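**Student:** First the structure, which I've put down as structure tokens, then a few questions once you've had a look.
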Amino acid sequence: MTLIDWDQPKYLDLPDLTMAIFQAGTPRKDRPSVVLCHGFPEIAYSWRLIVPPLVEAGFHVIVPDQRGYGYTGLAKSDVRDAASVSLYDMQHLCGDLAAMLDALDIDQAVFAGHDWGGLVTWALPFYHPSRLAGLIGVNTPFIPRLTLEPIEAFRQAMGDDFYIVAFQEHGRAEAVFEADTARTLRCFYRGSDFEQAEAVPKLGSGWENFAILKILDSDEAGWPGKPILHPADFDHYLRAFTRSGFRGGINWYRNFTRNWENSADFEQNVDVPCLMVCAENDPFLPPSMAEDMPKYVGDLETHLIRDCGHWTQNEKPEELSRLMSAWLGCRFG
């Protein structure tokens, strides 16, 4: 079932941003719309296999290319210098989603997020609580505020080469990624047969601590795992990142410390209905990270997708969409 032309977005004029969104289904007064938020390095298209089942279940679905990505691109005031990094902090990212609902004349929605999209959606209760009907975490759990400044915590745990730490140097990672966009994306979009936690430390060449810049400097023939995308789908991603570059998305990572500082007074509590879908073999966001969520999320349902790595919407779309549709139908149908 093809419901969306993924090369024909609707554009919304938001504060400092022209946001590209894709929609399917019909808005209804008796149930909330569902907003699907992508992660890094992805785009709205990553949800392409999830949209039809949700629409078939009777839900209106909205899928944005978020700030810095795809057809949306950079903030209007971004002059591509280090001072513009703050335009990609959590206040802006959450504000975009609230402004998107305003532009569509929608009061509340259920927000689902994968990877970085999950971090953003789990922050919405603190920035725009009135806009939430419910939350769905895909791989990304609710993570309470760290006691230690995040970048220092990452550095202590994983070293200076760890990708989040390496991303902090303005201009460096995006230059490496954009020197060969296709190679960069081939490195990221690899399947779960190598994403077994016990195997990662043995891989070497940067895989042991996800040192992406070191990995990209290694022989591609030695990269573990296998590509997960059909060539036509890979081409869609490639065209998107050739168009937008990587800088906007990497800037999200450069705001870890700012977001941490700005969240000092947030009460670590989420009080809307929540679904958490974990992926068994995700090395970046392992299911163990979700174990403490009941302490902070009062109304929580959790599921585990077996034999699935990080790219859940691509690896296990049928199972993910079934879990999401069932929960949405039960709570909001």
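In the structure tokens, chains take letters A, B, ... by order of appearance, with residues numbered from 1 within each chain and ligands from 1 in the order shown.
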Glu169 in chain A: which residues within 10 Å, counting only C-alpha atoms, same-chain residues fewer than 5 positions away excluded, as a list of chain:residue names?

**Tutor:** A:Ala82, A:Ile164, A:Glu174, A:Arg254

**Student:** Residues near Arg145 in chain A, anyone? I mean within 12 Å using only C-alpha atoms, not counting same-chain ones fewer than 2 positions away, as a list in words.

**Tutor:** Leu119, Trp122, Ala123, Phe126, Phe142, Ile143, Thr147, Leu148, Glu149, Pro150, Phe256, Thr257, Asn259, Trp260, Glu261, Asn262, Ser263, Ala264, Asp265, Phe266, Glu267, Gln268, Asn269 and Tyr296 of chain A

**Student:** Include N, CA and C atoms and write out the residues we just selected as a PDB file, in the first residue's frame.

**Tutor:**
```
ATOM      1  N   LEU A 119      14.876  10.613  21.808  1.00  0.00           N
ATOM      2  CA  LEU A 119      15.324  11.582  22.812  1.00  0.00           C
ATOM      3  C   LEU A 119      14.461  12.840  22.769  1.00  0.00           C
ATOM      4  N   TRP A 122      10.862  12.037  24.155  1.00  0.00           N
ATOM      5  CA  TRP A 122      10.857  11.898  25.617  1.00  0.00           C
ATOM      6  C   TRP A 122      11.101  13.231  26.314  1.00  0.00           C
ATOM      7  N   ALA A 123      11.582  14.241  25.602  1.00  0.00           N
ATOM      8  CA  ALA A 123      11.750  15.573  26.180  1.00  0.00           C
ATOM      9  C   ALA A 123      10.478  16.413  26.082  1.00  0.00           C
ATOM     10  N   PHE A 126       8.494  17.790  29.094  1.00  0.00           N
ATOM     11  CA  PHE A 126       9.092  18.871  29.869  1.00  0.00           C
ATOM     12  C   PHE A 126       8.989  20.218  29.156  1.00  0.00           C
ATOM     13  N   PHE A 142      13.139   6.248  27.900  1.00  0.00           N
ATOM     14  CA  PHE A 142      13.269   7.468  28.693  1.00  0.00           C
ATOM     15  C   PHE A 142      14.543   7.348  29.521  1.00  0.00           C
ATOM     16  N   ILE A 143      15.419   8.346  29.400  1.00  0.00           N
ATOM     17  CA  ILE A 143      16.694   8.347  30.132  1.00  0.00           C
ATOM     18  C   ILE A 143      16.680   9.515  31.109  1.00  0.00           C
ATOM     19  N   THR A 147      23.785  12.533  36.263  1.00  0.00           N
ATOM     20  CA  THR A 147      24.395  13.319  37.337  1.00  0.00           C
ATOM     21  C   THR A 147      25.683  13.990  36.870  1.00  0.00           C
ATOM     22  N   LEU A 148      26.327  13.406  35.848  1.00  0.00           N
ATOM     23  CA  LEU A 148      27.575  13.933  35.304  1.00  0.00           C
ATOM     24  C   LEU A 148      27.306  14.585  33.957  1.00  0.00           C
ATOM     25  N   GLU A 149      28.028  15.649  33.654  1.00  0.00           N
ATOM     26  CA  GLU A 149      27.904  16.310  32.349  1.00  0.00           C
ATOM     27  C   GLU A 149      28.079  15.255  31.257  1.00  0.00           C
ATOM     28  N   PRO A 150      27.175  15.207  30.273  1.00  0.00           N
ATOM     29  CA  PRO A 150      27.108  14.049  29.364  1.00  0.00           C
ATOM     30  C   PRO A 150      28.375  13.764  28.578  1.00  0.00           C
ATOM     31  N   PHE A 256      24.297  18.234  23.603  1.00  0.00           N
ATOM     32  CA  PHE A 256      24.110  17.383  24.777  1.00  0.00           C
ATOM     33  C   PHE A 256      24.327  18.165  26.072  1.00  0.00           C
ATOM     34  N   THR A 257      25.417  18.922  26.135  1.00  0.00           N
ATOM     35  CA  THR A 257      25.721  19.659  27.357  1.00  0.00           C
ATOM     36  C   THR A 257      24.710  20.776  27.589  1.00  0.00           C
ATOM     37  N   ASN A 259      21.617  20.932  26.555  1.00  0.00           N
ATOM     38  CA  ASN A 259      20.347  20.325  26.955  1.00  0.00           C
ATOM     39  C   ASN A 259      20.388  19.868  28.410  1.00  0.00           C
ATOM     40  N   TRP A 260      21.518  19.321  28.815  1.00  0.00           N
ATOM     41  CA  TRP A 260      21.689  18.869  30.191  1.00  0.00           C
ATOM     42  C   TRP A 260      21.617  20.052  31.155  1.00  0.00           C
ATOM     43  N   GLU A 261      22.288  21.137  30.816  1.00  0.00           N
ATOM     44  CA  GLU A 261      22.252  22.326  31.662  1.00  0.00           C
ATOM     45  C   GLU A 261      20.840  22.899  31.764  1.00  0.00           C
ATOM     46  N   ASN A 262      20.118  22.888  30.646  1.00  0.00           N
ATOM     47  CA  ASN A 262      18.781  23.484  30.624  1.00  0.00           C
ATOM     48  C   ASN A 262      17.721  22.614  31.294  1.00  0.00           C
ATOM     49  N   SER A 263      18.066  21.359  31.579  1.00  0.00           N
ATOM     50  CA  SER A 263      17.086  20.445  32.168  1.00  0.00           C
ATOM     51  C   SER A 263      17.258  20.277  33.668  1.00  0.00           C
ATOM     52  N   ALA A 264      18.066  21.118  34.290  1.00  0.00           N
ATOM     53  CA  ALA A 264      18.402  20.949  35.709  1.00  0.00           C
ATOM     54  C   ALA A 264      17.173  20.961  36.607  1.00  0.00           C
ATOM     55  N   ASP A 265      16.147  21.714  36.242  1.00  0.00           N
ATOM     56  CA  ASP A 265      14.968  21.856  37.103  1.00  0.00           C
ATOM     57  C   ASP A 265      13.799  20.964  36.689  1.00  0.00           C
ATOM     58  N   PHE A 266      14.002  20.087  35.707  1.00  0.00           N
ATOM     59  CA  PHE A 266      12.909  19.233  35.237  1.00  0.00           C
ATOM     60  C   PHE A 266      12.686  18.077  36.213  1.00  0.00           C
ATOM     61  N   GLU A 267      11.444  17.900  36.632  1.00  0.00           N
ATOM     62  CA  GLU A 267      11.099  16.744  37.450  1.00  0.00           C
ATOM     63  C   GLU A 267      11.067  15.516  36.549  1.00  0.00           C
ATOM     64  N   GLN A 268      11.840  14.510  36.899  1.00  0.00           N
ATOM     65  CA  GLN A 268      12.003  13.347  36.031  1.00  0.00           C
ATOM     66  C   GLN A 268      10.790  12.415  36.155  1.00  0.00           C
ATOM     67  N   ASN A 269       9.700  12.840  35.486  1.00  0.00           N
ATOM     68  CA  ASN A 269       8.456  12.105  35.570  1.00  0.00           C
ATOM     69  C   ASN A 269       7.667  12.295  34.281  1.00  0.00           C
ATOM     70  N   TYR A 296      10.014   6.132  36.445  1.00  0.00           N
ATOM     71  CA  TYR A 296       9.770   7.493  35.957  1.00  0.00           C
ATOM     72  C   TYR A 296       8.510   7.602  35.104  1.00  0.00           C
TER      73      TYR A 296
END
```

**Student:** Got a sec: who's within 10 Å of Ile250 in chain A, counting only C-alpha atoms, leaving out chain neighbours fewer than 5 positions off, as an MDAnalysis selection string?

**Tutor:** chainID A and resid 40:41 68 85 88 164 167:168 170:171 173:174 245 255

**Student:** Could you tell me how far CA of Ile215 in chain A sits from CA of Val176 in chain A, in Å to one decimal place?

**Tutor:**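 Computing the Euclidean distance for CA of Val176 in chain A and CA of Ile215 in chain A yields 11.3 Å.
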
**Student:** Counting only C-alpha atoms, what is within 10 Å of Gly25 in chain A, bar same-chain residues fewer than 4 positions away, as a PyMOL selection string?

**Tutor:** chain A and resi 3-4+33+51-52+54-62

**Student:** Go ahead and write the selection's residues with C-alpha atoms as a PDB file, in the first residue's frame.

**Tutor:**
```pdb
ATOM      1  CA  LEU A   3       0.032   6.254   0.685  1.00  0.00           C
ATOM      2  CA  ILE A   4       2.793   8.836   0.455  1.00  0.00           C
ATOM      3  CA  SER A  33      -2.880  11.982  15.227  1.00  0.00           C
ATOM      4  CA  VAL A  51       2.795   4.321   8.023  1.00  0.00           C
ATOM      5  CA  PRO A  52       0.399   2.026   6.071  1.00  0.00           C
ATOM      6  CA  LEU A  54      -1.135   2.737  11.272  1.00  0.00           C
ATOM      7  CA  VAL A  55      -3.404   4.297   8.671  1.00  0.00           C
ATOM      8  CA  GLU A  56      -5.160   0.968   8.185  1.00  0.00           C
ATOM      9  CA  ALA A  57      -5.731   0.924  11.958  1.00  0.00           C
ATOM     10  CA  GLY A  58      -7.569   4.241  11.581  1.00  0.00           C
ATOM     11  CA  PHE A  59      -4.962   6.822  12.533  1.00  0.00           C
ATOM     12  CA  HIS A  60      -3.849  10.056  10.898  1.00  0.00           C
ATOM     13  CA  VAL A  61      -0.054   9.911  10.600  1.00  0.00           C
ATOM     14  CA  ILE A  62       2.413  12.813  10.276  1.00  0.00           C
TER      15      ILE A  62
END
```

**Student:** Using only C-alpha atoms, which of A:Glu178, A:Arg239, A:Ala166, A:Arg183 sits nearest Ile212 in chain A?

**Tutor:** A:Ala166

**Student:** Any idea what's packed within 12 Å of Asp292 in chain A, counting only C-alpha atoms, ignoring anything in its chain fewer than 4 positions away? Could you give it as a list of chain:residue names?

**Tutor:**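 Returned residues: A:Pro141, A:Phe142, A:Ile143, A:Pro144, A:Met276, A:Pro287, A:Ser288, A:Tyr296, A:Val297, A:Gly298, A:Leu300, A:Thr302.
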
**Student:** Store the residues of this selection in a file with N, CA and C atoms, as a CSV table (one decimal), in the first residue's frame.

**Tutor:**
```csv
chain,number,residue,atom,x,y,z
A,141,PRO,N,14.8,4.5,25.1
A,141,PRO,CA,14.0,4.6,26.3
A,141,PRO,C,14.0,6.0,26.9
A,142,PHE,N,13.1,6.2,27.9
A,142,PHE,CA,13.3,7.5,28.7
A,142,PHE,C,14.5,7.3,29.5
A,143,ILE,N,15.4,8.3,29.4
A,143,ILE,CA,16.7,8.3,30.1
A,143,ILE,C,16.7,9.5,31.1
A,144,PRO,N,16.7,9.2,32.4
A,144,PRO,CA,16.6,10.4,33.4
A,144,PRO,C,17.9,11.2,33.3
A,276,MET,N,7.0,1.3,25.1
A,276,MET,CA,8.4,1.2,24.9
A,276,MET,C,8.6,-0.1,24.1
A,287,PRO,N,18.3,-3.2,25.3
A,287,PRO,CA,17.1,-3.2,26.2
A,287,PRO,C,17.3,-3.0,27.6
A,288,SER,N,18.5,-3.3,28.1
A,288,SER,CA,18.8,-3.0,29.5
A,288,SER,C,18.6,-1.5,29.9
A,296,TYR,N,10.0,6.1,36.4
A,296,TYR,CA,9.8,7.5,36.0
A,296,TYR,C,8.5,7.6,35.1
A,297,VAL,N,8.0,6.5,34.6
A,297,VAL,CA,6.9,6.5,33.7
A,297,VAL,C,5.8,5.6,34.3
A,298,GLY,N,4.7,6.3,34.8
A,298,GLY,CA,3.7,5.6,35.5
A,298,GLY,C,2.8,4.6,34.7
A,300,LEU,N,3.1,2.5,31.6
A,300,LEU,CA,4.1,2.0,30.6
A,300,LEU,C,3.8,0.6,30.2
A,302,THR,N,5.8,-2.3,27.8
A,302,THR,CA,7.1,-2.6,27.2
A,302,THR,C,7.0,-3.9,26.5
```

**Student:** Can you work out which one of A:Met100, A:Val270, A:Ala133, A:Leu238 has the shortest atom-to-atom distance to Pro32 in chain A, counting only C-alpha atoms?

**Tutor:**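 Among the listed residues, the smallest separation from Pro32 in chain A belongs to A:Ala133.
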
**Student:** Which residues, written as a ChimeraX atom specification, have at least one atom at most 8 Å from range 318-322 of chain A, with only C-alpha atoms counted and residues fewer than 3 positions away on the same chain left out?

**Tutor:** /A:49-50,53-54,277,305,312-313,325-326

**Student:** Tell me which protein, DNA and RNA residues are within 6 Å of Met19 in chain A, counting only C-alpha atoms, leaving out same-chain ones fewer than 4 positions away, and put them as a ChimeraX atom specification.

**Tutor:** /A:11-12,72
